[in-house]
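**Q** Next comes data.txt, compact mmCIF, C-alpha atoms:
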# COMPACT_ATOMS: atom_id res chain seq x y z
CA MET L 1055 -32.03 18.68 2.33
CA GLU L 1056 -31.23 15.00 2.83
CA LYS L 1057 -29.68 14.34 6.25
CA THR L 1058 -27.57 11.68 7.93
CA ASN L 1059 -25.68 11.51 11.22
CA VAL L 1060 -22.44 10.30 9.63
CA LEU L 1061 -21.51 11.05 6.02
CA ILE L 1062 -18.52 9.37 4.38
CA ILE L 1063 -17.20 10.67 1.06
CA GLY L 1064 -15.41 7.91 -0.87
CA GLY L 1065 -16.25 4.26 -1.37
CA SER L 1066 -12.93 2.41 -1.57
CA ALA L 1067 -11.34 0.43 1.26
CA ALA L 1068 -11.05 3.31 3.76
CA GLY L 1069 -14.60 4.54 3.18
CA ILE L 1070 -16.10 1.07 3.48
CA VAL L 1071 -14.28 0.30 6.73
CA ALA L 1072 -15.15 3.71 8.20
CA ALA L 1073 -18.83 3.19 7.36
CA THR L 1074 -19.14 -0.33 8.78
CA THR L 1075 -17.07 0.51 11.89
CA ALA L 1076 -19.13 3.65 12.56
CA LYS L 1077 -22.33 1.62 12.36
CA SER L 1078 -20.85 -1.04 14.66
CA PHE L 1079 -19.72 1.43 17.34
CA TYR L 1080 -22.67 3.80 17.04
CA PRO L 1081 -25.59 1.60 15.92
CA GLU L 1082 -28.15 4.28 16.80
CA LYS L 1083 -26.60 6.68 14.26
CA SER L 1084 -27.49 6.78 10.57
CA VAL L 1085 -24.48 6.29 8.29
CA MET L 1086 -24.34 7.18 4.60
CA LEU L 1087 -21.49 6.40 2.20
CA ILE L 1088 -21.44 8.48 -0.96
CA ARG L 1089 -19.26 7.60 -3.95
CA LYS L 1090 -19.11 8.63 -7.58
CA GLU L 1091 -18.26 5.15 -8.92
CA LYS L 1092 -20.89 2.55 -9.72
CA ASP L 1093 -18.53 -0.31 -8.88
CA VAL L 1094 -15.59 -0.45 -6.48
CA MET L 1095 -12.43 -2.45 -7.06
CA VAL L 1096 -10.27 -4.29 -4.53
CA PRO L 1097 -7.34 -1.82 -4.71
CA CYS L 1098 -4.48 -4.26 -4.20
CA GLY L 1099 -6.02 -6.80 -6.58
CA ILE L 1100 -6.08 -4.54 -9.64
CA PRO L 1101 -2.83 -5.84 -11.25
CA TYR L 1102 -4.20 -9.40 -11.14
CA VAL L 1103 -7.05 -8.42 -13.46
CA PHE L 1104 -4.43 -8.42 -16.25
CA GLY L 1105 -3.21 -12.00 -15.79
CA THR L 1106 -4.41 -14.19 -12.95
CA LEU L 1107 -8.08 -13.13 -13.03
CA SER L 1108 -10.22 -13.43 -16.12
CA CYS L 1109 -12.03 -10.09 -15.70
CA SER L 1110 -12.32 -7.05 -13.44
CA SER L 1111 -15.67 -8.26 -12.06
CA GLN L 1112 -13.73 -10.92 -10.15
CA ASN L 1113 -11.94 -8.09 -8.34
CA GLN L 1114 -14.98 -6.09 -7.19
CA ILE L 1115 -15.89 -5.32 -3.60
CA PRO L 1116 -19.55 -6.36 -3.15
CA ASP L 1117 -21.96 -3.77 -1.77
CA ALA L 1118 -23.69 -6.39 0.38
CA GLY L 1119 -21.32 -5.72 3.29
CA LEU L 1120 -22.53 -2.13 3.51
CA ALA L 1121 -26.19 -3.06 3.21
CA ASN L 1122 -25.89 -5.84 5.79
CA ALA L 1123 -24.26 -3.39 8.21
CA GLY L 1124 -27.12 -0.92 7.80
CA VAL L 1125 -25.15 1.67 5.83
CA THR L 1126 -26.98 3.74 3.19
CA LEU L 1127 -25.12 3.79 -0.15
CA LYS L 1128 -25.56 6.73 -2.52
CA GLN L 1129 -23.93 7.21 -5.94
CA ALA L 1130 -23.08 10.86 -6.49
CA GLU L 1131 -20.10 13.22 -6.59
CA ILE L 1132 -19.54 15.85 -3.92
CA ALA L 1133 -18.69 19.29 -5.29
CA SER L 1134 -18.24 21.24 -2.04
CA ILE L 1135 -18.26 20.96 1.74
CA ASN L 1136 -19.71 23.63 4.01
CA ALA L 1137 -17.91 22.81 7.25
CA GLU L 1138 -19.53 25.58 9.27
CA LYS L 1139 -23.13 24.72 8.41
CA LYS L 1140 -22.41 20.98 8.12
CA PHE L 1141 -23.67 20.07 4.69
CA CYS L 1142 -22.24 18.95 1.35
CA VAL L 1143 -23.40 19.80 -2.13
CA THR L 1144 -23.25 17.30 -5.02
CA VAL L 1145 -22.35 18.25 -8.59
CA ASP L 1146 -26.09 17.98 -9.33
CA GLY L 1147 -26.87 20.59 -6.67
CA GLU L 1148 -28.29 18.21 -4.06
CA GLU L 1149 -27.56 19.09 -0.41
CA ILE L 1150 -26.74 16.48 2.23
CA GLY L 1151 -26.53 17.48 5.90
CA PHE L 1152 -24.39 15.70 8.48
CA GLU L 1153 -23.29 15.68 12.12
CA LYS L 1154 -19.93 14.04 11.40
CA LEU L 1155 -18.06 13.88 8.10
CA VAL L 1156 -15.28 11.52 6.98
CA ILE L 1157 -13.32 12.44 3.85
CA ALA L 1158 -11.94 9.34 2.11
CA THR L 1159 -11.41 10.62 -1.43
CA GLY L 1160 -8.36 8.46 -2.14
CA SER L 1161 -5.69 9.11 -4.75
CA THR L 1162 -5.11 9.41 -8.49
CA PRO L 1163 -2.25 7.88 -10.52
CA ILE L 1164 0.36 10.34 -11.73
CA ARG L 1165 0.56 11.01 -15.47
CA PRO L 1166 3.56 13.36 -15.63
CA SER L 1167 3.11 16.48 -17.72
CA TRP L 1168 6.90 16.79 -18.01
CA LEU L 1169 7.23 13.44 -19.81
CA LYS L 1170 6.90 13.97 -23.54
CA GLY L 1171 4.43 11.50 -25.05
CA ALA L 1172 2.71 10.60 -21.77
CA ASP L 1173 -0.64 11.68 -23.21
CA MET L 1174 -0.43 9.46 -26.31
CA GLN L 1175 -2.90 6.70 -27.04
CA ASN L 1176 -1.95 3.34 -25.50
CA VAL L 1177 -0.14 5.00 -22.59
CA PHE L 1178 -1.98 3.80 -19.50
CA THR L 1179 -2.05 4.48 -15.78
CA ILE L 1180 -3.57 2.22 -13.11
CA PRO L 1181 -6.53 3.94 -11.44
CA LYS L 1182 -9.17 2.31 -9.21
CA ASP L 1183 -11.70 2.73 -12.00
CA LYS L 1184 -13.47 -0.36 -13.34
CA GLU L 1185 -14.59 1.22 -16.62
CA TYR L 1186 -11.07 2.49 -17.37
CA LEU L 1187 -9.49 -0.83 -16.42
CA ASP L 1188 -11.91 -2.81 -18.59
CA ASN L 1189 -11.00 -0.65 -21.59
CA PHE L 1190 -7.31 -0.87 -20.68
CA LYS L 1191 -7.44 -4.67 -20.59
CA ALA L 1192 -9.37 -4.86 -23.88
CA CYS L 1193 -6.77 -2.67 -25.59
CA LEU L 1194 -3.88 -4.62 -24.10
CA GLY L 1195 -5.24 -7.85 -25.52
CA GLY L 1196 -4.04 -6.93 -29.02
CA PHE L 1197 -0.56 -5.81 -28.01
CA LYS L 1198 2.65 -7.79 -27.75
CA LYS L 1199 5.39 -5.45 -26.48
CA VAL L 1200 4.64 -3.72 -23.18
CA VAL L 1201 6.93 -1.34 -21.28
CA VAL L 1202 6.17 -0.72 -17.61
CA VAL L 1203 7.67 2.47 -16.21
CA GLY L 1204 8.21 2.30 -12.45
CA GLY L 1205 9.47 -0.59 -10.33
CA GLY L 1206 7.43 -0.12 -7.16
CA PHE L 1207 4.91 -2.70 -5.98
CA ILE L 1208 2.24 -2.02 -8.58
CA GLY L 1209 4.77 -1.73 -11.41
CA VAL L 1210 6.37 -5.07 -10.48
CA GLU L 1211 2.97 -6.75 -10.17
CA MET L 1212 1.75 -5.29 -13.49
CA ALA L 1213 4.94 -6.43 -15.23
CA ASP L 1214 4.61 -9.93 -13.79
CA GLU L 1215 0.91 -10.21 -14.65
CA CYS L 1216 1.39 -8.95 -18.24
CA ASN L 1217 4.24 -11.42 -18.60
CA LYS L 1218 1.94 -14.15 -17.30
CA ALA L 1219 -0.58 -13.14 -19.99
CA GLY L 1220 2.05 -13.79 -22.68
CA LYS L 1221 3.29 -10.25 -23.32
CA ASP L 1222 6.89 -9.29 -24.03
CA VAL L 1223 7.46 -7.08 -20.97
CA THR L 1224 10.26 -4.67 -20.07
CA LEU L 1225 10.25 -2.97 -16.67
CA VAL L 1226 12.19 0.32 -16.37
CA GLU L 1227 13.14 1.67 -12.91
CA MET L 1228 15.32 4.71 -12.23
CA MET L 1229 16.43 3.47 -8.79
CA PRO L 1230 19.31 0.95 -8.50
CA HIS L 1231 16.83 -1.91 -7.99
CA VAL L 1232 13.10 -2.55 -8.10
CA LEU L 1233 11.28 -2.09 -4.79
CA SER L 1234 14.23 -0.05 -3.49
CA LEU L 1235 12.11 2.24 -1.31
CA ALA L 1236 10.56 -0.65 0.62
CA PHE L 1237 13.35 -3.22 0.89
CA ASP L 1238 17.03 -3.31 1.73
CA PRO L 1239 19.22 -4.20 -1.28
CA GLU L 1240 19.56 -7.93 -0.51
CA PHE L 1241 15.78 -8.42 -0.72
CA ALA L 1242 15.32 -6.02 -3.67
CA ILE L 1243 18.02 -7.86 -5.67
CA GLN L 1244 16.42 -11.21 -4.85
CA ALA L 1245 13.01 -9.94 -6.02
CA GLU L 1246 14.60 -8.58 -9.18
CA ASP L 1247 16.25 -11.94 -9.92
CA VAL L 1248 12.96 -13.78 -9.43
CA LEU L 1249 11.23 -11.37 -11.81
CA LYS L 1250 13.93 -11.84 -14.44
CA GLY L 1251 13.75 -15.59 -14.02
CA ARG L 1252 10.06 -15.44 -14.88
CA GLY L 1253 10.82 -13.73 -18.20
CA VAL L 1254 10.44 -10.02 -17.44
CA LYS L 1255 13.25 -7.84 -18.83
CA VAL L 1256 14.39 -5.49 -16.05
CA LYS L 1257 16.33 -2.26 -16.63
CA THR L 1258 17.33 -0.44 -13.42
CA GLY L 1259 19.27 2.74 -12.75
CA ILE L 1260 17.81 4.13 -15.98
CA SER L 1261 15.25 6.88 -16.51
CA VAL L 1262 12.76 7.47 -19.32
CA LYS L 1263 13.49 10.51 -21.51
CA GLU L 1264 10.33 10.41 -23.60
CA ILE L 1265 7.62 8.20 -25.03
CA THR L 1266 7.87 8.15 -28.81
CA GLY L 1267 5.30 7.79 -31.55
CA ASP L 1268 2.69 9.74 -33.49
CA LYS L 1269 -0.63 9.70 -31.64
CA HIS L 1270 -0.06 6.00 -30.79
CA VAL L 1271 3.01 5.01 -28.80
CA THR L 1272 5.73 3.14 -30.68
CA GLY L 1273 8.63 3.25 -28.24
CA VAL L 1274 10.23 4.45 -25.03
CA ALA L 1275 13.47 6.46 -25.21
CA LEU L 1276 15.80 5.85 -22.26
CA SER L 1277 18.49 7.99 -20.66
CA THR L 1278 21.10 5.54 -22.01
CA GLY L 1279 20.21 6.48 -25.60
CA GLU L 1280 18.42 3.16 -26.19
CA THR L 1281 14.83 3.13 -27.46
CA LEU L 1282 12.57 0.23 -26.51
CA ASP L 1283 9.89 -0.85 -28.98
CA ALA L 1284 6.47 -0.65 -27.37
CA ASP L 1285 2.87 -1.28 -28.38
CA ALA L 1286 1.74 -0.01 -24.97
CA VAL L 1287 3.28 1.79 -22.00
CA ILE L 1288 2.07 1.42 -18.43
CA LEU L 1289 2.98 4.32 -16.14
CA SER L 1290 3.37 3.20 -12.53
CA ILE L 1291 5.30 6.11 -11.03
CA GLY L 1292 3.13 6.87 -8.04
CA TYR L 1293 -0.15 8.46 -6.97
CA ARG L 1294 -1.16 11.89 -5.76
CA PRO L 1295 -3.75 12.46 -3.01
CA ASN L 1296 -7.23 13.54 -4.05
CA SER L 1297 -7.27 16.56 -1.76
CA THR L 1298 -8.73 19.13 -4.16
CA LEU L 1299 -12.22 18.97 -2.63
CA ALA L 1300 -10.79 19.47 0.86
CA ARG L 1301 -8.48 22.27 -0.30
CA LYS L 1302 -11.21 24.31 -1.98
CA SER L 1303 -13.48 23.71 1.03
CA GLY L 1304 -10.92 25.38 3.29
CA PHE L 1305 -9.15 22.47 4.97
CA GLU L 1306 -5.44 22.65 5.70
CA ILE L 1307 -3.22 20.73 3.27
CA ASN L 1308 0.39 19.81 4.12
CA LYS L 1309 3.42 20.37 1.88
CA LEU L 1310 3.05 16.89 0.35
CA GLY L 1311 -0.53 17.64 -0.73
CA PHE L 1312 -2.33 15.60 1.95
CA ILE L 1313 -5.16 16.75 4.25
CA ARG L 1314 -3.66 17.57 7.63
CA VAL L 1315 -5.06 15.45 10.49
CA ASN L 1316 -4.17 14.63 14.09
CA GLU L 1317 -3.70 11.21 15.69
CA TYR L 1318 -7.47 10.71 15.87
CA MET L 1319 -7.69 11.40 12.11
CA ARG L 1320 -9.47 14.71 12.82
CA THR L 1321 -8.96 17.75 10.64
CA ASP L 1322 -8.84 21.19 12.25
CA ASN L 1323 -12.64 20.85 12.51
CA PRO L 1324 -13.47 18.40 15.34
CA ASP L 1325 -16.50 17.06 13.44
CA ILE L 1326 -14.64 16.34 10.21
CA PHE L 1327 -12.10 13.55 9.69
CA ALA L 1328 -9.87 12.48 6.78
CA ILE L 1329 -8.56 8.97 6.16
CA GLY L 1330 -6.78 6.87 3.58
CA ASP L 1331 -4.68 8.02 0.63
CA CYS L 1332 -5.88 11.64 0.90
CA ALA L 1333 -4.90 12.01 4.58
CA ALA L 1334 -1.49 13.06 5.91
CA LYS L 1335 0.79 10.43 7.42
CA SER L 1336 3.93 10.29 9.50
CA SER L 1337 6.31 7.41 10.16
CA PHE L 1338 5.74 5.38 13.33
CA ILE L 1339 9.52 5.10 13.78
CA THR L 1340 11.09 8.30 12.42
CA ARG L 1341 8.06 10.63 12.97
CA THR L 1342 8.71 12.29 9.60
CA SER L 1343 5.95 13.06 7.07
CA LYS L 1344 5.46 10.25 4.57
CA PRO L 1345 3.59 9.86 1.28
CA THR L 1346 2.76 6.21 2.05
CA MET L 1347 -0.46 4.96 0.42
CA LEU L 1348 -1.47 1.48 1.55
CA ALA L 1349 -4.93 -0.08 1.84
CA SER L 1350 -3.89 -1.66 5.14
CA THR L 1351 -2.89 1.72 6.58
CA ALA L 1352 -6.06 3.30 5.19
CA CYS L 1353 -8.23 0.69 6.89
CA ALA L 1354 -6.46 1.19 10.23
CA GLU L 1355 -7.06 4.94 9.93
CA ALA L 1356 -10.70 4.27 9.02
CA ARG L 1357 -11.29 2.17 12.14
CA ILE L 1358 -9.64 4.83 14.33
CA ALA L 1359 -11.64 7.69 12.82
CA ALA L 1360 -14.92 5.80 13.09
CA MET L 1361 -14.35 4.77 16.70
CA ASN L 1362 -13.57 8.39 17.65
CA LEU L 1363 -16.43 10.08 15.80
CA TYR L 1364 -18.49 10.94 18.86
CA LYS L 1365 -16.15 10.14 21.73
CA LEU L 1366 -12.35 10.35 21.75
CA SER L 1367 -10.45 7.39 23.17
CA THR L 1368 -6.92 7.85 24.50
CA VAL L 1369 -6.12 4.23 23.58
CA ARG L 1370 -7.55 4.32 20.04
CA PHE L 1371 -5.32 6.59 18.00
CA PHE L 1372 -3.03 6.40 14.98
CA GLY L 1373 0.62 6.53 16.02
CA GLY L 1374 2.06 6.69 12.51
CA THR L 1375 2.39 4.33 9.58
CA ILE L 1376 4.59 1.26 10.07
CA SER L 1377 4.75 0.77 6.28
CA ILE L 1378 3.97 -2.94 6.11
CA PHE L 1379 4.57 -4.23 2.58
CA CYS L 1380 4.17 -7.63 0.93
CA ILE L 1381 4.55 -8.85 -2.63
CA ALA L 1382 4.59 -12.27 -4.31
CA THR L 1383 6.21 -13.14 -7.61
CA GLY L 1384 5.50 -16.72 -8.60
CA ASP L 1385 5.97 -18.87 -5.51
CA THR L 1386 8.42 -16.44 -3.89
CA ALA L 1387 7.17 -13.72 -1.55
CA PHE L 1388 8.79 -10.70 0.07
CA GLY L 1389 7.71 -8.60 3.02
CA ALA L 1390 8.95 -5.66 5.06
CA ALA L 1391 7.72 -3.70 8.06
CA GLY L 1392 9.08 -0.61 9.81
CA VAL L 1393 12.31 1.00 8.68
CA THR L 1394 14.88 -0.53 6.36
CA GLU L 1395 18.51 -0.65 7.46
CA ASN L 1396 19.40 2.11 5.01
CA LEU L 1397 16.62 4.42 6.22
CA ALA L 1398 17.39 3.78 9.89
CA ARG L 1399 21.01 4.79 9.39
CA GLU L 1400 20.02 7.76 7.25
CA ARG L 1401 17.70 9.01 10.00
CA GLY L 1402 20.47 8.73 12.59
CA PHE L 1403 19.54 5.60 14.54
CA ASP L 1404 22.33 3.55 16.14
CA ILE L 1405 21.29 0.06 15.07
CA LEU L 1406 22.23 -3.59 14.93
CA THR L 1407 21.03 -5.94 12.21
CA ALA L 1408 21.02 -9.70 11.79
CA THR L 1409 19.79 -12.10 9.13
CA PHE L 1410 18.92 -15.78 9.50
CA GLU L 1411 18.21 -18.19 6.68
CA GLY L 1412 16.02 -21.19 7.46
CA LEU L 1413 12.96 -23.01 6.16
CA ASP L 1414 9.22 -22.30 6.20
CA ARG L 1415 8.33 -25.97 6.80
CA HIS L 1416 9.91 -28.87 8.64
CA PRO L 1417 11.45 -31.19 7.75
CA GLY L 1418 12.92 -29.63 4.62
CA SER L 1419 12.06 -32.75 2.61
CA LEU L 1420 8.35 -31.85 2.67
CA PRO L 1421 6.95 -30.84 -0.74
CA ASP L 1422 6.73 -27.09 -1.45
CA THR L 1423 9.16 -26.24 1.35
CA HIS L 1424 10.68 -22.82 0.72
CA LYS L 1425 13.80 -21.13 2.01
CA GLN L 1426 12.84 -18.41 4.48
CA ILE L 1427 15.11 -15.43 5.24
CA VAL L 1428 14.39 -13.06 8.13
CA LYS L 1429 16.25 -9.82 8.80
CA LEU L 1430 15.75 -7.65 11.90
CA ILE L 1431 16.75 -4.02 12.43
CA VAL L 1432 17.07 -3.17 16.13
CA SER L 1433 17.98 -0.16 18.26
CA LYS L 1434 21.43 -0.86 19.71
CA GLU L 1435 20.67 1.20 22.82
CA SER L 1436 17.24 -0.17 23.81
CA GLY L 1437 16.93 -3.45 21.94
CA ILE L 1438 13.59 -2.25 20.51
CA ILE L 1439 12.82 -3.74 17.10
CA LEU L 1440 12.54 -1.00 14.49
CA GLY L 1441 12.10 -2.99 11.27
CA GLY L 1442 12.33 -6.31 9.54
CA GLY L 1443 12.43 -7.94 6.13
CA VAL L 1444 11.34 -11.43 5.06
CA SER L 1445 11.54 -13.56 1.94
CA GLY L 1446 10.19 -17.06 1.41
CA GLY L 1447 6.95 -18.81 0.52
CA THR L 1448 3.34 -17.80 1.11
CA SER L 1449 3.77 -17.67 4.89
CA VAL L 1450 5.76 -14.44 4.38
CA GLY L 1451 2.57 -12.36 4.41
CA GLU L 1452 1.47 -13.27 7.92
CA LEU L 1453 5.03 -13.33 9.25
CA THR L 1454 5.44 -9.75 7.98
CA ASN L 1455 2.22 -8.82 9.80
CA THR L 1456 3.68 -10.38 12.95
CA ILE L 1457 6.77 -8.18 12.64
CA GLY L 1458 4.42 -5.21 12.23
CA PHE L 1459 2.66 -6.10 15.51
CA ILE L 1460 6.08 -6.43 17.19
CA ILE L 1461 7.11 -2.96 16.00
CA GLN L 1462 3.80 -1.30 16.90
CA ASN L 1463 4.00 -2.71 20.45
CA ARG L 1464 7.65 -1.60 20.74
CA MET L 1465 8.79 -5.07 21.63
CA THR L 1466 12.42 -5.68 22.44
CA ILE L 1467 14.69 -8.49 21.39
CA ASP L 1468 14.32 -10.02 24.88
CA ALA L 1469 10.51 -9.98 24.55
CA LEU L 1470 10.82 -11.76 21.23
CA LEU L 1471 13.29 -14.32 22.59
CA THR L 1472 10.88 -15.20 25.41
CA ALA L 1473 7.80 -15.33 23.15
CA GLN L 1474 5.92 -18.60 22.79
CA ILE L 1475 5.22 -19.72 19.25
CA GLY L 1476 3.08 -22.46 17.75
CA THR L 1477 4.57 -24.56 14.98
CA HIS L 1478 3.39 -27.27 12.60
CA PRO L 1479 5.41 -29.12 9.94
CA LEU L 1480 3.12 -28.09 7.07
CA LEU L 1481 2.63 -24.49 8.19
CA THR L 1482 5.74 -23.05 9.85
CA GLY L 1483 9.47 -23.26 10.26
CA PRO L 1484 10.81 -25.69 12.86
CA PRO L 1485 10.57 -24.78 16.57
CA THR L 1486 14.28 -25.60 16.87
CA ALA L 1487 15.26 -23.06 14.21
CA TYR L 1488 12.33 -20.69 13.77
CA PRO L 1489 13.87 -17.98 11.55
CA LEU L 1490 12.33 -15.00 13.39
CA ILE L 1491 13.59 -16.25 16.78
CA LYS L 1492 17.01 -17.22 15.39
CA ALA L 1493 17.45 -13.72 13.91
CA ALA L 1494 16.64 -12.34 17.37
CA GLU L 1495 19.27 -14.62 18.91
CA LEU L 1496 21.88 -13.23 16.53
CA ILE L 1497 20.98 -9.68 17.54
CA ALA L 1498 21.21 -10.61 21.22
CA LYS L 1499 24.68 -12.03 20.62
CA LYS L 1500 25.80 -8.80 18.91
CA ARG L 1501 24.40 -6.73 21.80
CA ARG L 1502 26.40 -8.76 24.31
CA GLN L 1503 29.54 -8.36 22.21
CA ASN L 1504 28.92 -4.61 22.07
CA GLY L 1505 28.49 -4.36 25.83
CA SER L 1506 24.71 -3.85 25.76
CA LYS L 1507 22.46 -5.68 28.17
Could you quickly redo this structure as structure tokens?
**A**
Amino acid sequence: MEKTNVLIIGGSAAGIVAATTAKSFYPEKSVMLIRKEKDVMVPCGIPYVFGTLSCSSQNQIPDAGLANAGVTLKQAEIASINAEKKFCVTVDGEEIGFEKLVIATGSTPIRPSWLKGADMQNVFTIPKDKEYLDNFKACLGGFKKVVVVGGGFIGVEMADECNKAGKDVTLVEMMPHVLSLAFDPEFAIQAEDVLKGRGVKVKTGISVKEITGDKHVTGVALSTGETLDADAVILSIGYRPNSTLARKSGFEINKLGFIRVNEYMRTDNPDIFAIGDCAAKSSFITRTSKPTMLASTACAEARIAAMNLYKLSTVRFFGGTISIFCIATGDTAFGAAGVTENLARERGFDILTATFEGLDRHPGSLPDTHKQIVKLIVSKESGIILGGGVSGGTSVGELTNTIGFIIQNRMTIDALLTAQIGTHPLLTGPPTAYPLIKAAELIAKKRRQNGSK
């Protein structure tokens, strides 16, 4: 039997971070990462393989980081886990013993069995599989009309990238707007308008009845009675957790299909952890179970699990996902962190909101200056910031991260109003009208008018 102190199953973002963090915090321990794939893709970069990047090899995660950290990499597939005796068995019958185990088996794109025609040729999903994606891209090269089903982040990015590659693209979303689950309507509508302006046809509030054709897809029939011509269909309607290995090995699975873990990312076995897309999550704000699958969340969970492998820390735990999202379409970017206004009200929070529109550079006459809009969602009672949305130029990404830090540290409007910020004409909004601070000022004014402190 081959043995290692720490065994990590899964080689995407969560597995890599867990492995390197474990080796950093416990350098005396041997760490092995086992994965079934030969090559690993940058998860969030996959859509860009179809337009911005010339090939999938430009979107690979190099193995050098693991080797340089002292992590042993093994290509194999785990068939079973014996939690009691602490060993795994590969599909080839090889046994690998461990002291601590981290399950990071990820997720699989949904190909709905209820959708007629979903199994036809030229109907694609978007897995983290280089071989599949290379074949997908090769096939797509000969097609002109592409229908993308699903207007979440990956669907929007795939539609935009295929459009960039010269395809005639139609995006179909059953919700009222694209990105509706992540953004309040004003940001979702703005993103939709940008996408349309770039040449993507967008159909919202409409569902797909069936995919038509004979072996090869020829069209997509909509709930309106219209049928869209299609040479290829891209299904982007979500992912399901890869929890089958954990389930058949006796681990508890929650009602959403995720491996149940505590705030240290431990399963019900104190020596076995689960992280990333396969692990259960709850909302940082509402405390409800969530199906959120984000590489950023997965990496945070990976660091927490790895740091707590051999010694629990009361200050290093996962308090719930903040759901920090970003997306860029052309030169316009959108971001959100925490709860949206709609979700906050739905969950029963008494809130105040405010939006400020400013600039991301100063003065506004500088080239490439972009309008920047910041919205804050705040508890009326406490002044604690619960969520925020941003649109603007490329600075949106880091500003969204800043709002995430604010939420995680339960900062109040007063803490934000007294915060010191650094500004520069080419890099940020003006210190006299910094959009994040100005939005906070508007909230403070509403609190005073409502009799709050």
**Q** Could you check how far atom CA of Val1226 of chain L sits from atom CA of Ala1390 of chain L, in Å to one decimal?
**A**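 Going from atom CA of Val1226 of chain L over to atom CA of Ala1390 of chain L covers 22.5 Å.
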**Q** Provide the atom CA of Leu1348 of chain L to atom CA of Thr1454 of chain L distance in Å, to one decimal place.
**A** 14.7 Å
**Q** Write out as an MDAnalysis selection string which residues come within 6 Å of segment 1107-1120 of chain L when counting all atoms listed in the file, dropping same-chain ones fewer than 2 positions away.
**A** chainID L and resid 1094:1096 1102:1103 1105 1122:1123 1125
**Q** Go through segment 1387-1496 of chain L residue by residue and, counting all atoms listed in the file, keep those with an atom at most 8 Å from segment 1360-1380 of chain L; for each kept residue give the shortest atom pair and its distance in Å to one decimal, ordered by chain and increasing number, as JSON lines.
**A**
{"residue": "L:Ala1387", "atom": "CA", "partner": "L:Cys1380", "partner_atom": "CA", "distance": 7.2}
{"residue": "L:Phe1388", "atom": "CA", "partner": "L:Cys1380", "partner_atom": "CA", "distance": 5.6}
{"residue": "L:Gly1389", "atom": "CA", "partner": "L:Cys1380", "partner_atom": "CA", "distance": 4.2}
{"residue": "L:Ala1390", "atom": "CA", "partner": "L:Phe1379", "partner_atom": "CA", "distance": 5.2}
{"residue": "L:Ala1391", "atom": "CA", "partner": "L:Ile1378", "partner_atom": "CA", "distance": 4.3}
{"residue": "L:Gly1392", "atom": "CA", "partner": "L:Ile1376", "partner_atom": "CA", "distance": 4.9}
{"residue": "L:Val1393", "atom": "CA", "partner": "L:Ile1376", "partner_atom": "CA", "distance": 7.8}
{"residue": "L:Val1450", "atom": "CA", "partner": "L:Cys1380", "partner_atom": "CA", "distance": 7.8}
{"residue": "L:Gly1451", "atom": "CA", "partner": "L:Cys1380", "partner_atom": "CA", "distance": 6.1}
{"residue": "L:Thr1454", "atom": "CA", "partner": "L:Ile1378", "partner_atom": "CA", "distance": 7.2}
{"residue": "L:Asn1455", "atom": "CA", "partner": "L:Ile1378", "partner_atom": "CA", "distance": 7.2}
{"residue": "L:Gly1458", "atom": "CA", "partner": "L:Ile1378", "partner_atom": "CA", "distance": 6.5}
{"residue": "L:Ile1461", "atom": "CA", "partner": "L:Ile1376", "partner_atom": "CA", "distance": 7.7}
{"residue": "L:Gln1462", "atom": "CA", "partner": "L:Ile1376", "partner_atom": "CA", "distance": 7.3}
**Q** Write out as AutoDock Vina command-line options an axis-aligned box for segment 1268-1284 of chain L: all of its atoms listed in the file, 6 Å added on each side, centre and edge lengths in Å with one decimal.
**A**
--center_x 10.2 --center_y 4.4 --center_z -27.1 --size_x 33.7 --size_y 22.6 --size_z 24.8
**Q** So, with only C-alpha atoms as the atoms that count, which of L:Arg1314, L:Lys1263, L:Lys1492, L:Lys1309 lies closest to Trp1168 of chain L?
**A** L:Lys1263
**Q** List the neighbours of Ala1242 of chain L out to 8 Å using all atoms listed in the file; skip same-chain residues closer than 4 positions along the sequence, and give me the result as a PDB file with C-alpha atoms, keeping the file's coordinate frame.
**A**
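Output (part-v2.pdb):
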ATOM      1  CA  HIS L1231      16.830  -1.910  -7.990  1.00  0.00           C
ATOM      2  CA  VAL L1232      13.100  -2.550  -8.100  1.00  0.00           C
ATOM      3  CA  LEU L1233      11.280  -2.090  -4.790  1.00  0.00           C
ATOM      4  CA  SER L1234      14.230  -0.050  -3.490  1.00  0.00           C
ATOM      5  CA  PHE L1237      13.350  -3.220   0.890  1.00  0.00           C
ATOM      6  CA  ASP L1238      17.030  -3.310   1.730  1.00  0.00           C
ATOM      7  CA  GLU L1246      14.600  -8.580  -9.180  1.00  0.00           C
TER       8      GLU L1246
END
**Q** Of the candidates L:Lys1269, L:His1416, L:Lys1255, L:Lys1090, which shows the shortest atom-to-atom distance to Pro1484 of chain L, using only C-alpha atoms?
**A** L:His1416
**Q** For Ser1449 of chain L, which residue out of L:Ile1427, L:Val1085, L:Leu1061, L:Ile1100 is the nearest one, using all atoms listed in the file?
**A**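 Distance minimum relative to Ser1449 of chain L lands on L:Ile1427.
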**Q** Please provide the set of residues having any atom within 12 Å of Lys1199 of chain L, restricted to all atoms listed in the file, with same-chain residues fewer than 5 positions apart removed, written as a PyMOL selection string.
**A** chain L and resi 1176+1194+1213+1216-1217+1219-1225+1254-1255+1271-1274+1282-1288
**Q** Taking 6 positions as the minimum chain separation for residues in the same chain, which residues sit within 12 Å of Thr1486 of chain L when counting only C-alpha atoms? Answer as a PyMOL selection string.
**A** chain L and resi 1412-1413+1415-1417+1475-1479+1492
**Q** To one decimal place in Å, what is the distance between atom CA of Ile1431 of chain L and atom CA of Ala1236 of chain L?
**A**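 Separation between atom CA of Ile1431 of chain L and atom CA of Ala1236 of chain L: 13.8 Å.
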